[in-house]
Amino acid sequence: MLLLDRTFRTLMLTVLLIAIMGSSRPDRSHGLYPSEYWARKAQWEQCADVVLAGDSRTLIGLSPVEMRKHLTGSEIYNYGFGGVRFSSRYMDEVEEILKPDSENKIIIMGISPYSLTKRSAATGTFTKVQSMSDVDLFLNIHFAPLIYLFQPISFNKILRQFNPSCARVHKEKTFFANGWLAVYKEPVSKRKALRNYEMYYKERQVDTNSIDKLVGYVEEWVQQEIKVYGFIPPSCEKMYELESEMSGLDKEYLIKNFREAGGIWIKTDKCAYDSFDGSHLQDYAAIRFTKNFCKKLIKNEHEN
Amino acid sequence: MQFNSLVFILFAILFFIGWPMLRRRNNVRWIYLVFASFIFYGWWDWRFLFLIMFSGFIDYFAGLAMGKYPSKKRVWLVLSLIGNVGSLALFKYTYFLLGTANVEAILGGINGLLDKAGILSVINWFLSVSGLTGIGFSQARPFMRIALPVGISFYTFQSMSYTIDIYRGQLKPTHNVFHFFAYLALFPQLVAGPIVRARDLLPQLESAEPASEQQKWDGLNLIAFGFFKKVVIADTLARAVNDAFGAKAMEVSCAYWWLIMVMFAFQIYCDFSGYSDIARGLGKWMGYEFPVNFRNPYIASSFREFWQRWHISLSTWFRDYVYIGLGGSRKGRAWAHINMWITMLISGLWHGAAWHFIVWAAAHSFYLSAERITKWPERVMKLPGGRHLCTLAVFLLTTMAWVFFRAQTFGQAMEIMGIMFNFSAFNAGVIGEIVDNNAINVLLLIIGSQLIFYFGLDKADWTRSQSRAKSIFDSAVVASIILMCVYLRAPSSTFIYFQF
């Protein structure tokens, strides 16, 4: 009787369609499942020789995969988070990731003006990830495919699957197990990010106390025989101009104090790489930047 | 709990597992409904259940008293209205009527007196034991603020209709308190309507009949399409609209703001009518019929018609209990206008205790008055393509009025209106750069679906076919709609009308 019921039949058909759709999603992400990626990142502990720390520009801009080709034999992890601030909690976590028995401990800090602005430490992905409960972490790691089965799919991705010319924006994200988030987006649209940053810096500027705090950590790490490198992550020319004018970052003060604390400052070419939104690098640009960054790192090693 | 949450889906599954067994006997059925509804509402904040009970008991006993002492029924009605309007005034309009600074000063004064009298420590002890902190009471200063309970305007109006109908002799009071609370707190429509009259729902609640096969199928359709309207359309549009209204620097583009306002027009329609559809669908699965709340309002070709299609249960409530109560059109044309303005302005206040809601209501009152005086829709309708022109005009004027409804302040609304009419800054180019194209896609989808109703394609012969092929087609459509709800849903947001 139940099988003859149209409502029941329709619900059964729906379950079947969901199973088919979920198992053949057009947007099957590359690398880890997103929820799994963040949950695993939250659990890293004493696993790295080299830790890359910073906000989304470091998260997206530095590839441990590429870095390993140049710094062979090192376990490298990108511990960048969108919107992260160099707070004590974040710095302590960065330190926790280093292997205690590693002979060549390195922390590489991508220091953007944004990561030094005064704001609540409770903002950004880092706080969200850190506040995940044990149950959430367990579910996100062990049931990632099931969670992903019910994740929404962008309308654009469906369109692109059937007719690539229909979709206006193409965006690919790859979640790497070593923490890199590779992003490719076309067409490039810089207006929105620039405008957001402009609005942001009108309200908040770089806080000198944040620099002093960061430098304090550098000093402490250097004393513990950890090599600390610092750099300003590349973005685009307009963003560079905007941040020079509005962010309130005194670069000379930052670099001078960073060096005095025993850190090594790496000068980067801030506008030589392709950015998809005026702030973050395209995946291929991130690989190129990582390669050049490593060359500078090695050169610096030889010089010293 | 919200319809668009996992916890509600689990709750509904458990409820409908128990329903076939527990609906057979009146008392068991009513207690089950009250129990489930209180869990549903208490999920937000269980302490507000006392407010529903307070409001409910006033009307329950007022109803009984009116039945027992008919000669004094006016007194009981007034007491009931004071209780209901009083709780609305306290929780919803205190800040508006007295001003934030004054309310804070009053609360501060009460705190000071309590502190001096040493009562504060006793209250603090009581608060910590009873857990009343969430409704405006805190440990350090007991009276900090007055919180707005979810859906208070809906259940208060529903409760008031019970006593007014008894007073008018249109309804006999129920003597069973569970029967009454099953009506008042019935979870599908408790927090955002449709507002169901006691005379329509109380008799249905006495029936133990299970839902028919047709009701189950119609219920599934309503639930599927209701969720689609909410989680796919309204929530997708919400992101673009919230970005626009929440931006620190307002985008100065006439084209952009017209697009955003059209998006908001459809966002609020899909959000609210989606909720009503889900509520009606759940009602049908229980075997109950709730009134239709929306009939594609944007295809209306006059404002009178618009209000016959938009939030029908509230419009008819105001018509029956306020407009007709004031005398309606019985005292002549001028009074009909005045009564209509009063009713509309109260309706604006019902939506929110802020001036911009009153301006929104005033705009609609003006549209309705102008329409009655000039009869412009009838005149325009005679022109070639007149109906299309009327529909477009009504839609655009309604969209303009939404600016006042959505804006956070009156000042923001005026600024947006200024940009919308600054055609020299049309600048359509920014749309492509700023607005998410998912939002554009769903906007086109909903406009397309409205055109189907506008041109009456939904009434074509094939839609009424009883053939097996049509049945399979309908099943496939509903299954696809549910599939889209799962995979094309936008990040969830609260239903807009919960704040009312």
# chains A, B, ... in the order shown; residues from 1 in each chain; ligands from 1
>>> interface_residues(of="chain B", to="chain A", cutoff="7 Å", atoms="only C-alpha atoms", output="short mmCIF file (atom, residue, chain, number, x, y, z; two decimals) with all heavy atoms, in the first residue's frame")
data_model
loop_
_atom_site.label_atom_id
_atom_site.label_comp_id
_atom_site.auth_asym_id
_atom_site.auth_seq_id
_atom_site.Cartn_x
_atom_site.Cartn_y
_atom_site.Cartn_z
N LYS B 216 -1.48 14.59 1.65
CA LYS B 216 -0.06 14.25 1.79
C LYS B 216 0.73 14.75 0.58
O LYS B 216 1.81 15.30 0.71
CB LYS B 216 0.11 12.73 1.93
CG LYS B 216 -0.19 12.23 3.32
CD LYS B 216 0.25 10.78 3.41
CE LYS B 216 -0.80 9.94 4.09
NZ LYS B 216 -0.68 8.53 3.84
N TRP B 217 0.14 14.54 -0.60
CA TRP B 217 0.83 14.94 -1.84
C TRP B 217 0.92 16.47 -1.91
O TRP B 217 1.98 17.03 -2.21
CB TRP B 217 0.10 14.37 -3.05
CG TRP B 217 0.65 14.88 -4.35
CD1 TRP B 217 0.02 15.69 -5.25
CD2 TRP B 217 1.96 14.65 -4.88
NE1 TRP B 217 0.85 15.96 -6.31
CE2 TRP B 217 2.05 15.34 -6.10
CE3 TRP B 217 3.06 13.93 -4.44
CZ2 TRP B 217 3.20 15.33 -6.89
CZ3 TRP B 217 4.22 13.93 -5.22
CH2 TRP B 217 4.27 14.61 -6.43
N LEU B 220 3.52 17.66 0.50
CA LEU B 220 4.89 17.49 0.02
C LEU B 220 5.24 18.59 -0.98
O LEU B 220 6.34 19.16 -0.94
CB LEU B 220 5.04 16.10 -0.63
CG LEU B 220 6.45 15.80 -1.16
CD1 LEU B 220 7.47 15.72 -0.03
CD2 LEU B 220 6.47 14.49 -1.95
N LYS B 248 29.90 49.68 4.18
CA LYS B 248 30.28 50.89 4.93
C LYS B 248 30.12 52.12 4.02
O LYS B 248 29.67 53.17 4.46
CB LYS B 248 31.73 50.76 5.39
CG LYS B 248 31.93 49.64 6.40
CD LYS B 248 32.01 50.22 7.79
CE LYS B 248 31.82 49.19 8.89
NZ LYS B 248 32.66 48.02 8.82
N ILE B 434 30.12 43.69 -8.85
CA ILE B 434 29.81 43.55 -7.43
C ILE B 434 28.83 42.42 -7.13
O ILE B 434 28.99 41.67 -6.18
CB ILE B 434 29.24 44.87 -6.87
CG1 ILE B 434 30.29 45.98 -7.02
CG2 ILE B 434 28.86 44.73 -5.41
CD1 ILE B 434 29.81 47.33 -6.61
N ASN B 438 25.23 34.22 -9.00
CA ASN B 438 24.23 33.26 -8.51
C ASN B 438 22.94 34.00 -8.20
O ASN B 438 21.84 33.50 -8.45
CB ASN B 438 24.71 32.61 -7.22
CG ASN B 438 25.54 31.37 -7.50
OD1 ASN B 438 25.39 30.76 -8.54
ND2 ASN B 438 26.40 31.04 -6.58
N SER B 475 6.02 13.94 -9.95
CA SER B 475 6.94 13.35 -8.97
C SER B 475 8.38 13.75 -9.28
O SER B 475 9.14 14.10 -8.37
CB SER B 475 6.86 11.83 -9.00
OG SER B 475 5.62 11.41 -8.50
N ALA B 479 10.80 15.86 -6.83
CA ALA B 479 12.09 15.27 -6.43
C ALA B 479 13.24 16.21 -6.84
O ALA B 479 14.19 16.41 -6.07
CB ALA B 479 12.26 13.90 -7.07
N ILE B 482 13.45 19.15 -4.45
CA ILE B 482 14.10 18.80 -3.17
C ILE B 482 15.62 18.67 -3.38
O ILE B 482 16.42 19.13 -2.57
CB ILE B 482 13.52 17.49 -2.57
CG1 ILE B 482 12.02 17.66 -2.31
CG2 ILE B 482 14.24 17.13 -1.27
CD1 ILE B 482 11.29 16.38 -1.89
N LEU B 483 15.98 18.08 -4.51
CA LEU B 483 17.40 17.93 -4.84
C LEU B 483 18.07 19.31 -4.90
O LEU B 483 19.18 19.51 -4.38
CB LEU B 483 17.53 17.23 -6.19
CG LEU B 483 18.90 16.69 -6.55
CD1 LEU B 483 19.22 15.49 -5.69
CD2 LEU B 483 18.96 16.30 -8.01
N VAL B 486 18.73 20.75 -1.55
CA VAL B 486 19.91 20.18 -0.90
C VAL B 486 21.18 20.78 -1.47
O VAL B 486 22.08 21.20 -0.74
CB VAL B 486 19.93 18.63 -1.04
CG1 VAL B 486 21.23 18.05 -0.51
CG2 VAL B 486 18.74 18.03 -0.30
N TYR B 487 21.25 20.86 -2.82
CA TYR B 487 22.53 21.21 -3.44
C TYR B 487 22.69 22.66 -3.87
O TYR B 487 23.81 23.11 -4.09
CB TYR B 487 22.81 20.28 -4.62
CG TYR B 487 23.14 18.90 -4.13
CD1 TYR B 487 22.29 17.82 -4.38
CD2 TYR B 487 24.27 18.67 -3.37
CE1 TYR B 487 22.58 16.56 -3.89
CE2 TYR B 487 24.56 17.42 -2.88
CZ TYR B 487 23.71 16.37 -3.14
OH TYR B 487 24.00 15.13 -2.65
N LEU B 488 21.60 23.37 -4.03
CA LEU B 488 21.75 24.77 -4.46
C LEU B 488 21.41 25.73 -3.33
O LEU B 488 21.17 26.91 -3.57
CB LEU B 488 20.86 25.05 -5.68
CG LEU B 488 21.24 24.34 -6.97
CD1 LEU B 488 20.30 24.73 -8.09
CD2 LEU B 488 22.67 24.68 -7.36
N ARG B 489 21.33 25.22 -2.12
CA ARG B 489 20.97 26.10 -1.01
C ARG B 489 22.12 27.08 -0.72
O ARG B 489 23.29 26.72 -0.84
CB ARG B 489 20.62 25.29 0.23
CG ARG B 489 21.80 24.61 0.89
CD ARG B 489 21.36 23.72 2.03
NE ARG B 489 22.48 23.28 2.84
CZ ARG B 489 23.23 22.23 2.58
NH1 ARG B 489 23.00 21.51 1.50
NH2 ARG B 489 24.24 21.90 3.38
#
>>> residues_around(residues="Gly263 of chain A", least_positions_apart="4", cutoff="6 Å", atoms="only C-alpha atoms", output="JSON, numbers by chain")
{"A": [228, 229, 258, 259]}
>>> select_by_dssp(residues="segment 124-260 of chain A", states="helix (DSSP H, G or I)", output="ChimeraX atom specification")
/A:125-130,134-142,144-149,155-162,164-166,191-203,208-223,237-246,251-260
>>> write_last_selection(atoms="C-alpha atoms", output="tab-separated table (two decimals), in the first residue's frame")
chain	number	residue	atom	x	y	z
A	125	THR	CA	39.22	31.28	10.19
A	126	PHE	CA	41.84	30.51	12.85
A	127	THR	CA	39.40	31.21	15.68
A	128	LYS	CA	36.65	29.19	13.98
A	129	VAL	CA	38.96	26.22	13.49
A	130	GLN	CA	40.33	26.45	17.01
A	134	ASP	CA	36.21	17.28	19.37
A	135	VAL	CA	33.03	15.79	17.91
A	136	ASP	CA	33.15	18.24	14.96
A	137	LEU	CA	36.81	17.48	14.38
A	138	PHE	CA	36.14	13.75	14.44
A	139	LEU	CA	33.17	14.02	12.09
A	140	ASN	CA	34.96	16.35	9.68
A	141	ILE	CA	37.97	14.06	9.44
A	142	HIS	CA	36.33	10.63	9.43
A	144	ALA	CA	34.32	14.04	5.32
A	145	PRO	CA	32.94	12.28	2.19
A	146	LEU	CA	29.46	12.04	3.76
A	147	ILE	CA	29.49	15.68	4.85
A	148	TYR	CA	30.68	16.61	1.39
A	149	LEU	CA	27.82	14.60	-0.15
A	155	PHE	CA	25.06	27.10	-9.56
A	156	ASN	CA	28.05	28.24	-11.62
A	157	LYS	CA	29.78	24.92	-11.17
A	158	ILE	CA	26.77	23.05	-12.46
A	159	LEU	CA	26.52	25.42	-15.40
A	160	ARG	CA	30.19	25.02	-16.14
A	161	GLN	CA	29.82	21.25	-16.09
A	162	PHE	CA	27.18	21.36	-18.81
A	164	PRO	CA	31.52	26.10	-19.70
A	165	SER	CA	30.74	29.27	-21.65
A	166	CYS	CA	27.68	29.95	-19.48
A	191	ARG	CA	37.88	46.10	-7.60
A	192	LYS	CA	36.02	44.40	-4.78
A	193	ALA	CA	39.09	43.43	-2.75
A	194	LEU	CA	40.67	46.85	-3.17
A	195	ARG	CA	37.48	48.54	-2.12
A	196	ASN	CA	37.10	46.28	0.93
A	197	TYR	CA	40.67	46.97	2.03
A	198	GLU	CA	40.19	50.68	1.48
A	199	MET	CA	37.14	50.64	3.73
A	200	TYR	CA	38.94	48.49	6.25
A	201	TYR	CA	41.99	50.75	6.54
A	202	LYS	CA	39.78	53.80	6.91
A	203	GLU	CA	38.61	52.30	10.18
A	208	THR	CA	52.60	49.45	16.71
A	209	ASN	CA	51.94	47.25	19.73
A	210	SER	CA	51.21	44.34	17.36
A	211	ILE	CA	54.62	44.86	15.74
A	212	ASP	CA	56.34	44.98	19.13
A	213	LYS	CA	54.53	41.84	20.23
A	214	LEU	CA	55.49	40.05	17.02
A	215	VAL	CA	59.10	41.15	17.41
A	216	GLY	CA	59.04	39.87	21.00
A	217	TYR	CA	58.09	36.43	19.75
A	218	VAL	CA	60.82	36.57	17.08
A	219	GLU	CA	63.38	37.34	19.77
A	220	GLU	CA	62.15	34.47	21.94
A	221	TRP	CA	62.23	32.00	19.03
A	222	VAL	CA	65.69	33.07	17.94
A	223	GLN	CA	66.88	32.43	21.49
A	237	GLU	CA	50.56	47.29	-7.51
A	238	LYS	CA	47.33	49.05	-6.59
A	239	MET	CA	47.07	47.16	-3.32
A	240	TYR	CA	50.68	47.97	-2.56
A	241	GLU	CA	50.00	51.67	-3.13
A	242	LEU	CA	46.80	51.52	-1.11
A	243	GLU	CA	48.47	49.82	1.83
A	244	SER	CA	51.46	52.15	1.71
A	245	GLU	CA	49.11	55.13	1.87
A	246	MET	CA	46.39	53.93	4.20
A	251	LYS	CA	57.90	49.22	7.11
A	252	GLU	CA	61.24	50.55	8.17
A	253	TYR	CA	60.27	50.25	11.82
A	254	LEU	CA	59.01	46.71	11.28
A	255	ILE	CA	62.07	45.53	9.33
A	256	LYS	CA	64.57	47.25	11.67
A	257	ASN	CA	63.03	45.74	14.79
A	258	PHE	CA	62.54	42.35	13.15
A	259	ARG	CA	66.25	42.24	12.25
A	260	GLU	CA	67.34	43.52	15.65
>>> residues_around(residues="Tyr367 of chain B", least_positions_apart="5", cutoff="10 Å", atoms="only C-alpha atoms", output="short mmCIF file (atom, residue, chain, number, x, y, z; two decimals) with all heavy atoms, in the first residue's frame")
data_model
loop_
_atom_site.label_atom_id
_atom_site.label_comp_id
_atom_site.auth_asym_id
_atom_site.auth_seq_id
_atom_site.Cartn_x
_atom_site.Cartn_y
_atom_site.Cartn_z
N SER B 302 -3.12 46.19 -9.44
CA SER B 302 -3.54 47.37 -8.66
C SER B 302 -3.09 47.12 -7.22
O SER B 302 -2.80 45.98 -6.85
CB SER B 302 -5.05 47.55 -8.71
OG SER B 302 -5.69 46.50 -8.00
N PHE B 303 -3.05 48.19 -6.44
CA PHE B 303 -2.62 48.01 -5.04
C PHE B 303 -3.67 47.27 -4.21
O PHE B 303 -3.35 46.55 -3.28
CB PHE B 303 -2.25 49.34 -4.41
CG PHE B 303 -0.91 49.81 -4.89
CD1 PHE B 303 -0.81 50.75 -5.90
CD2 PHE B 303 0.24 49.25 -4.39
CE1 PHE B 303 0.41 51.13 -6.38
CE2 PHE B 303 1.48 49.63 -4.87
CZ PHE B 303 1.57 50.57 -5.87
N ARG B 304 -4.91 47.50 -4.57
CA ARG B 304 -5.98 46.76 -3.90
C ARG B 304 -5.77 45.25 -4.10
O ARG B 304 -5.84 44.47 -3.15
CB ARG B 304 -7.32 47.20 -4.51
CG ARG B 304 -8.55 46.65 -3.85
CD ARG B 304 -9.76 47.15 -4.66
NE ARG B 304 -10.81 46.14 -4.68
CZ ARG B 304 -11.72 46.00 -3.73
NH1 ARG B 304 -11.72 46.83 -2.72
NH2 ARG B 304 -12.63 45.06 -3.80
N ALA B 361 4.39 51.84 5.53
CA ALA B 361 2.93 51.68 5.57
C ALA B 361 2.25 52.92 5.01
O ALA B 361 1.24 52.82 4.29
CB ALA B 361 2.48 51.44 7.01
N ALA B 362 2.81 54.10 5.30
CA ALA B 362 2.22 55.35 4.79
C ALA B 362 2.30 55.38 3.27
O ALA B 362 1.36 55.84 2.59
CB ALA B 362 2.94 56.55 5.40
N ARG B 372 -7.83 54.76 -5.20
CA ARG B 372 -9.28 54.87 -5.01
C ARG B 372 -9.81 56.17 -5.61
O ARG B 372 -10.89 56.19 -6.19
CB ARG B 372 -9.62 54.86 -3.52
CG ARG B 372 -9.62 53.49 -2.90
CD ARG B 372 -10.19 53.59 -1.51
NE ARG B 372 -9.86 52.42 -0.72
CZ ARG B 372 -10.19 52.30 0.56
NH1 ARG B 372 -10.83 53.26 1.19
NH2 ARG B 372 -9.87 51.22 1.23
N VAL B 394 2.73 48.93 -10.47
CA VAL B 394 2.48 48.47 -9.09
C VAL B 394 3.76 47.83 -8.54
O VAL B 394 4.16 48.10 -7.40
CB VAL B 394 1.29 47.48 -9.03
CG1 VAL B 394 1.19 46.80 -7.67
CG2 VAL B 394 -0.01 48.20 -9.35
N LEU B 397 6.42 50.61 -7.85
CA LEU B 397 6.07 51.43 -6.67
C LEU B 397 6.20 50.62 -5.38
O LEU B 397 6.65 51.13 -4.35
CB LEU B 397 4.64 51.98 -6.82
CG LEU B 397 4.48 53.07 -7.89
CD1 LEU B 397 3.01 53.32 -8.20
CD2 LEU B 397 5.14 54.37 -7.43
N THR B 398 5.83 49.35 -5.45
CA THR B 398 5.99 48.48 -4.27
C THR B 398 7.47 48.33 -3.94
O THR B 398 7.87 48.39 -2.77
CB THR B 398 5.40 47.08 -4.57
OG1 THR B 398 4.06 47.25 -5.01
CG2 THR B 398 5.40 46.19 -3.34
N ALA B 401 8.71 51.28 -2.13
CA ALA B 401 8.28 51.28 -0.72
C ALA B 401 9.12 50.32 0.12
O ALA B 401 9.37 50.57 1.30
CB ALA B 401 6.80 50.93 -0.63
#
